[in-house]
Structure formats: structure tokens, C-alpha cells
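Novice: Let me begin by handing over the structure; questions about it come next.
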Amino acid sequence: MPETLEKVTLSEEKDTQETAGNTTKEDKNPGLITFKKPYNFEGNSYTEVDVSPIENLTAEDLIEAEDILAKSGINAFVPEINFSYLIIVAAKATGKPEEFFRRLPAKDGIKLKRAVMGFLNAEE
């Protein structure tokens with residue numbers, strides 16, 4: 001019986017070592033969004049975008065994003081889950097135009113939505 005426990009322990013240790021070696025850029029930086037395929041915008045090709053500068057935004061930046069959303073005619077009861085608001089916040093954080101994010105392929109857009117919501121809703 002002790003042999004079985006030792007084998008399980010060695011197997012678990014091997015799995016842990018393999019998992020530790022498989023960290024991705026996204027694991028190291030949850031604000032880094034890697035696109036499924038290169039994304040062309042205004043003559044440039046992008047493979048990723050880093051939205052982690054959201055951490056540097058101020059409450060005033062978020063209020064401005066809400067004002068932009070309201071002026072566009074969108075009334076969001078909870079802006080933090082509204083895709084248009086999240087795009088405005090991502091644009092403010094990265095300095096890229098809103099259109100950069102609005103034209104993303106759908107799957108990459110969902111990655112963006114999740115990343116920005118994650119930053120805004122984190123309880124740190």
C-alpha cells in the first residue's frame with residue numbers, strides 16, 4: 001500500500017512541474033489579450049493588446065467613460081457590464097481609439113470584455 005501512495009505522490013509532483021512550466025503570457029499578465037489571429041487596424045497588424053494600464057485609471061476617467069456612453073445615447077444601468085462602456089475604458093487605458101476595439105473579431109472582443117470586467121470587478 002505505501003508503494004501506491006508513493007506513486008501517486010510522484011505522479012502529482014510531475015503534473016505540478018509540468019503545469020508550472022506551461023505558464024502563458026496571459027498568466028503572467030491577465031491584462032494581455034492575445035488575438036486568435038493577427039488583427040489589422042489602420043494599416044498595422046496586431047497579435048495582442050495589453051489593457052493592464054486600466055490599473056492606472058482614476059475615478060474621474062471612469063466618470064468620463066460613463067459620460068461618453070450616455071452622450072452616445074446608451075443608458076446602462078450597470079456600466080461595468082456594458083460592452084460599449086468596457087470598450088471606452090479600454091480605449092482610455094491603452095490610448096487606442098475606440099474603433100480599434102469595436103472592430104475586433106467577436107472571440108477577441110469577448111476576451112477584451114472579460115479582461116476589462118475582471119479589472120473593474122477585482123476585489124483587491
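Going through the C-alpha cells in order, the chains are called A, B, and so on, while each chain numbers its residues from 1 and the ligands are numbered from 1 in the order shown.
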Neighbours of A:Arg114 within 12 Å (only C-alpha atoms; same-chain residues fewer than 5 positions away dropped), as a VMD selection string?
Specialist: chain A and resid 30 to 33 51 80 to 83 86 to 87 90 107 to 109 119 to 122
Novice: Using only C-alpha atoms, can you tell me which of A:Ala65, A:Ala59, A:Ala106, A:Met117 comes closest to A:Ala91?
Specialist: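 Among the listed residues, the smallest separation from A:Ala91 belongs to A:Ala65.
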Novice: Record the distance separating atom CA of A:Ala93 and atom CA of A:Pro53, expressed in Å with one decimal.
Specialist: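 Atom CA of A:Pro53 lies 5.3 Å from atom CA of A:Ala93.
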Novice: Name the closest residue to A:Lys37 among the candidates A:Asp61, A:Gly118, A:Pro105, A:Lys92; distances are taken between atoms, counting only C-alpha atoms.
Specialist: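 Ranked by minimum distance to A:Lys37, first place goes to A:Pro105.
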Novice: So that I can see what lies close to stretch 66-73 of chain A, please list as number ranges by chain the residues with an atom at most 7 Å from it, counting only C-alpha atoms and leaving out residues fewer than 3 positions away in the same chain.
Specialist: A: 62-63, 85
Novice: Using atom CA of A:Phe100 and atom CA of A:Phe35 as the two end points, give the distance in Å to one decimal.
Specialist: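 The value is 12.8 Å.
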